[in-house]
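Q: The structure is given below, and queries will be raised subsequently.
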Amino acid sequence: MALRRALHFVFKIGDRTKTATFYRDVLGMKILRHEEFEEGCKATCNGPYDGKWSKTMVGYGPEDDHFVAELTYNYGVGEYRLGNDFLGLTLQSSQAVSNAKRLGWPLTKVGEALYLTEAPGGYHFYLLDKEQPQSDPVQKVSLAVSDLQSSIHYWSSLLGIKVIEKNEEKKSVLMGFSDTQCKLELQDIGAAVDHGTAFGRIAFSCPSEQLPGIEALMKKEKQKILNPLVSLDTPGKATVEVVILADPDGHEICFVGDEAFRQLSAVDPNGNELLDKAIAADKSDEWFAKHNKQKASA
């Protein structure tokens with residue numbers, strides 16, 4: 001499974017201005033590309049919403065060799081309810097810690113050279129106060145599970161992601177398709193996993209020829225397929241094929257054909273400008289304030 005790689009985690013956001021400040025100014029990430037859509041995604045990339053939405057990819061470098069965040073914004077939705085499903089994203093950057101302190105962004109020390117902070121919307125980020133590596137600073141994504149053994153079987157035996165380290169005391173496991181990629185950490189919380197309405201999605205790529213086999217295996221094993229193999233169009237960019245799965249706890253998993261995705265995910269030098277223009281053109285906050293109303297809470 002060496003040809004499979006971890007790509008990104010999807011966060012639903014209700015405030016693009018504050019969110020952009022966090023990723024750009026606190027974490028020090030770059031806007032890699034920004035795309036606007038007039039109607040909902042066929043593979044529910046933006047959640048169960050039919051209207052206008054946008055996608056912003058942010059990270060420390062190109063998507064070819066960096067794990068990034070996909071920020072999905074549904075026009076008219078101001079906030080989402082968090083569940084207990086997403087436990088955090090860990091990255092190594094003393095610069096991000098310095099940025100947070102300089103900007104007055106709240107930090108809580110939770111371990112040796114380790115700080116907890118929150119992105120707008122309440123998503124947890126763990127900042128390791130060590131020099132940012134030349135490779136990808138993003139180390140792991142941590143998700144909650146209700147039965148660790150069942151989850152290990154699903155992710156390892158069915159999806160082919162290898163177990164790197166088990167921690168019996170923490171009831172957790174660290175997994176990855178390779179040692180050089182961002183890892184997936186599964187933590188047994190001893191309770192049902194609640195995804196709220198803010199639920200995210202983790203994405204991986206594989207050779208496109210493997211996609212039908214992944215779908216067939218899930219059917220054979222009677223596992224949940226949220227979206228059977230489908231082609232997704234992005235105006236002016238490559239069309240990609242995806243299949244969307246759900247693990248035993250309902251975590252959404254996207255597998256996308258690698259060849260077309262590498263074309264789609266090329267860094268857009270205008271990404272920063274496109275995001276800023278979209279934020280400036282979005283008058284929804286003013287409209288709601290003028291009419292003494294609040295944006296919808298999902």
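Lettering and numbering for the structure tokens are positional, with chains as A, B, ... in the shown order, residues counted from 1 in each chain, and ligands counted from 1 in the shown order.
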Just want the 6 Å neighbourhood of A:Gln139, counted on only C-alpha atoms, with same-chain residues fewer than 2 positions away dropped. Output as a PyMOL selection string.

A: chain A and resi 90-91+182

Q: Please produce an output containing all heavy atoms for each residue in the selection, written as a PDB file, in the first residue's frame.

A:
ATOM      1  N   THR A  90      -1.787  17.587  15.308  1.00  0.00           N
ATOM      2  CA  THR A  90      -0.508  17.924  15.949  1.00  0.00           C
ATOM      3  C   THR A  90       0.504  18.345  14.901  1.00  0.00           C
ATOM      4  O   THR A  90       0.687  17.653  13.894  1.00  0.00           O
ATOM      5  CB  THR A  90       0.042  16.713  16.739  1.00  0.00           C
ATOM      6  OG1 THR A  90      -0.918  16.329  17.725  1.00  0.00           O
ATOM      7  CG2 THR A  90       1.363  17.070  17.421  1.00  0.00           C
ATOM      8  N   LEU A  91       1.153  19.483  15.138  1.00  0.00           N
ATOM      9  CA  LEU A  91       2.195  19.934  14.221  1.00  0.00           C
ATOM     10  C   LEU A  91       3.388  20.477  15.004  1.00  0.00           C
ATOM     11  O   LEU A  91       3.260  20.892  16.163  1.00  0.00           O
ATOM     12  CB  LEU A  91       1.645  20.990  13.256  1.00  0.00           C
ATOM     13  CG  LEU A  91       1.028  22.257  13.828  1.00  0.00           C
ATOM     14  CD1 LEU A  91       2.082  23.356  13.965  1.00  0.00           C
ATOM     15  CD2 LEU A  91      -0.107  22.733  12.940  1.00  0.00           C
ATOM     16  N   CYS A 182       2.099  12.124   7.239  1.00  0.00           N
ATOM     17  CA  CYS A 182       1.290  12.433   8.408  1.00  0.00           C
ATOM     18  C   CYS A 182       0.613  11.146   8.884  1.00  0.00           C
ATOM     19  O   CYS A 182       0.119  10.361   8.080  1.00  0.00           O
ATOM     20  CB  CYS A 182       0.236  13.479   8.050  1.00  0.00           C
ATOM     21  SG  CYS A 182      -0.982  13.799   9.340  1.00  0.00           S
TER      22      CYS A 182
END

Q: Check stretch 55-211 of chain A with DSSP on the backbone and list each residue it calls helix (DSSP H, G or I), as a list in words.

A: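 Helix (DSSP H, G or I) assignments inside stretch 55-211 of chain A correspond to Ser94, Gln95, Ala96, Val97, Ser98, Asn99, Ala100, Lys101, Arg102, Leu103, Leu148, Gln149, Ser150, Ser151, Ile152, His153, Tyr154, Trp155, Ser156, Ser157, Leu158, Ser208, Glu209, Gln210 and Leu211 of chain A.
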
Q: Write a file of the selected residues as a PDB file, in the first residue's frame, keeping C-alpha atoms.

A:
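File written: part.pdb
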ATOM      1  CA  SER A  94       8.160  26.815  17.376  1.00  0.00           C
ATOM      2  CA  GLN A  95       7.319  29.650  14.972  1.00  0.00           C
ATOM      3  CA  ALA A  96       3.591  28.901  15.335  1.00  0.00           C
ATOM      4  CA  VAL A  97       3.972  29.023  19.133  1.00  0.00           C
ATOM      5  CA  SER A  98       5.784  32.367  18.845  1.00  0.00           C
ATOM      6  CA  ASN A  99       3.117  33.695  16.474  1.00  0.00           C
ATOM      7  CA  ALA A 100       0.328  32.719  18.868  1.00  0.00           C
ATOM      8  CA  LYS A 101       2.060  34.426  21.806  1.00  0.00           C
ATOM      9  CA  ARG A 102       2.763  37.568  19.771  1.00  0.00           C
ATOM     10  CA  LEU A 103      -0.835  37.801  18.519  1.00  0.00           C
ATOM     11  CA  LEU A 148      -9.931   0.150  19.322  1.00  0.00           C
ATOM     12  CA  GLN A 149      -9.571  -3.456  18.140  1.00  0.00           C
ATOM     13  CA  SER A 150     -12.486  -3.137  15.742  1.00  0.00           C
ATOM     14  CA  SER A 151     -11.008   0.091  14.380  1.00  0.00           C
ATOM     15  CA  ILE A 152      -7.530  -1.411  13.965  1.00  0.00           C
ATOM     16  CA  HIS A 153      -9.036  -4.301  12.002  1.00  0.00           C
ATOM     17  CA  TYR A 154     -10.903  -1.903   9.719  1.00  0.00           C
ATOM     18  CA  TRP A 155      -8.068   0.516   9.045  1.00  0.00           C
ATOM     19  CA  SER A 156      -5.266  -2.038   8.896  1.00  0.00           C
ATOM     20  CA  SER A 157      -6.813  -5.212   7.458  1.00  0.00           C
ATOM     21  CA  LEU A 158      -9.281  -3.571   5.079  1.00  0.00           C
ATOM     22  CA  SER A 208      -7.137   5.337  -9.651  1.00  0.00           C
ATOM     23  CA  GLU A 209      -7.144   1.692 -10.751  1.00  0.00           C
ATOM     24  CA  GLN A 210      -7.479   0.701  -7.061  1.00  0.00           C
ATOM     25  CA  LEU A 211     -10.717   2.622  -6.459  1.00  0.00           C
TER      26      LEU A 211
END

Q: Mind checking which residues fall within 7 Å of A:Val141, counting only C-alpha atoms, ignoring those fewer than 5 positions away in the same chain, and posting them as a PDB file with N, CA and C atoms, in the first residue's frame?

A:
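For reference, out_17.pdb as written:
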ATOM      1  N   GLY A  88      -7.810  16.199  17.566  1.00  0.00           N
ATOM      2  CA  GLY A  88      -6.785  17.207  17.359  1.00  0.00           C
ATOM      3  C   GLY A  88      -5.861  16.919  16.207  1.00  0.00           C
ATOM      4  N   LEU A  89      -5.182  17.970  15.770  1.00  0.00           N
ATOM      5  CA  LEU A  89      -4.136  17.863  14.755  1.00  0.00           C
ATOM      6  C   LEU A  89      -2.850  18.372  15.403  1.00  0.00           C
ATOM      7  N   THR A  90      -1.787  17.587  15.308  1.00  0.00           N
ATOM      8  CA  THR A  90      -0.508  17.924  15.949  1.00  0.00           C
ATOM      9  C   THR A  90       0.504  18.345  14.901  1.00  0.00           C
ATOM     10  N   LYS A 183       0.612  10.926  10.209  1.00  0.00           N
ATOM     11  CA  LYS A 183       0.059   9.698  10.771  1.00  0.00           C
ATOM     12  C   LYS A 183      -1.403   9.900  11.200  1.00  0.00           C
ATOM     13  N   LEU A 184      -2.081   8.788  11.359  1.00  0.00           N
ATOM     14  CA  LEU A 184      -3.436   8.755  11.906  1.00  0.00           C
ATOM     15  C   LEU A 184      -3.354   8.122  13.284  1.00  0.00           C
ATOM     16  N   GLU A 185      -3.838   8.829  14.294  1.00  0.00           N
ATOM     17  CA  GLU A 185      -3.893   8.276  15.649  1.00  0.00           C
ATOM     18  C   GLU A 185      -5.347   8.001  16.005  1.00  0.00           C
TER      19      GLU A 185
END

Q: Could you check the closest approach to A:Phe9 for each of A:Glu252, A:Asp179, A:Glu169, A:Asp147 and tell me which residue wins, using only C-alpha atoms?

A: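 Answer, going by the shortest atom-to-atom distance: A:Glu252.
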
Q: Show me, as a list in words, the residues that have an atom within 7 Å of A:Glu70 when counting only C-alpha atoms, minus same-chain residues fewer than 2 positions from it.

A: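 Listing them by chain and then by number gives His8, Phe9, Val10, Phe11, Lys55, Thr56, Met57, Val58, Val68 and Thr72 of chain A.
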
Q: Write the residues you've just listed into a file as a short mmCIF file (atom, residue, chain, number, x, y, z; two decimals), in the first residue's frame, and include N, CA and C atoms for each of them.

A:
data_model
loop_
_atom_site.label_atom_id
_atom_site.label_comp_id
_atom_site.auth_asym_id
_atom_site.auth_seq_id
_atom_site.Cartn_x
_atom_site.Cartn_y
_atom_site.Cartn_z
N HIS A 8 -5.43 15.15 3.33
CA HIS A 8 -5.94 16.30 4.07
C HIS A 8 -7.07 15.90 5.00
N PHE A 9 -7.41 16.81 5.90
CA PHE A 9 -8.58 16.66 6.75
C PHE A 9 -9.51 17.83 6.46
N VAL A 10 -10.80 17.54 6.38
CA VAL A 10 -11.80 18.55 6.04
C VAL A 10 -12.40 19.15 7.31
N PHE A 11 -12.34 20.47 7.41
CA PHE A 11 -12.96 21.20 8.52
C PHE A 11 -14.08 22.08 7.97
N LYS A 55 -14.19 26.10 -1.00
CA LYS A 55 -13.16 25.19 -0.51
C LYS A 55 -11.82 25.92 -0.54
N THR A 56 -11.13 25.93 0.59
CA THR A 56 -9.80 26.55 0.67
C THR A 56 -8.82 25.53 1.22
N MET A 57 -7.76 25.27 0.46
CA MET A 57 -6.72 24.33 0.90
C MET A 57 -5.57 25.13 1.50
N VAL A 58 -5.19 24.80 2.73
CA VAL A 58 -4.10 25.50 3.42
C VAL A 58 -3.10 24.50 3.96
N VAL A 68 -2.51 18.65 4.42
CA VAL A 68 -3.07 20.00 4.51
C VAL A 68 -4.47 19.97 5.10
N THR A 72 -14.01 24.06 4.41
CA THR A 72 -15.24 24.20 3.62
C THR A 72 -16.17 25.19 4.32
#

Q: Which residues come within 7 Å of A:Gly83, counting only C-alpha atoms, excluding same-chain residues fewer than 4 positions away, as a ChimeraX atom specification?

A: /A:194-196

Q: Using only C-alpha atoms, which protein or nucleic acid residues come within 12 Å of A:Ala69? Drop anything in the same chain fewer than 5 positions from it, and give the result as JSON, numbers by chain.

A: {"A": [6, 7, 8, 9, 10, 11, 12, 13, 19, 20, 23, 24, 27, 29, 30, 31, 32, 33, 34, 55, 56, 57, 58, 59, 60, 61, 62, 63, 89, 119, 123, 125, 138, 141, 200, 201, 202, 203]}

Q: Using DSSP on the backbone coordinates, identify all residues within stretch 38-239 of chain A classified as strand (DSSP E or B); present the result as a ChimeraX atom specification.

A: /A:53-59,68-74,77-79,86-92,108-111,114-118,124-128,138-145,162-167,172-176,183-188,201-206,224-232

Q: Counting only C-alpha atoms, figure out which residue out of A:Ile225, A:Ala216, A:Ala113, A:Ala266 gets nearest to A:Lys130.

A: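 Of A:Ile225, A:Ala216, A:Ala113, A:Ala266, the one nearest A:Lys130 is A:Ala113, counting only C-alpha atoms.
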
Q: Quick one: residues within 9 Å of stretch 50-52 of chain A, only C-alpha atoms, excluding same-chain residues fewer than 5 positions away - as number ranges by chain?

A: A: 36-41, 44, 73-76

Q: Let me make sure I understand: among A:Asn270, A:Thr197, A:Val256, A:Asp188, which one has the smallest atom-to-atom distance to A:Glu168 if we use only C-alpha atoms?

A: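 Smallest distance to A:Glu168 is found for A:Asp188.
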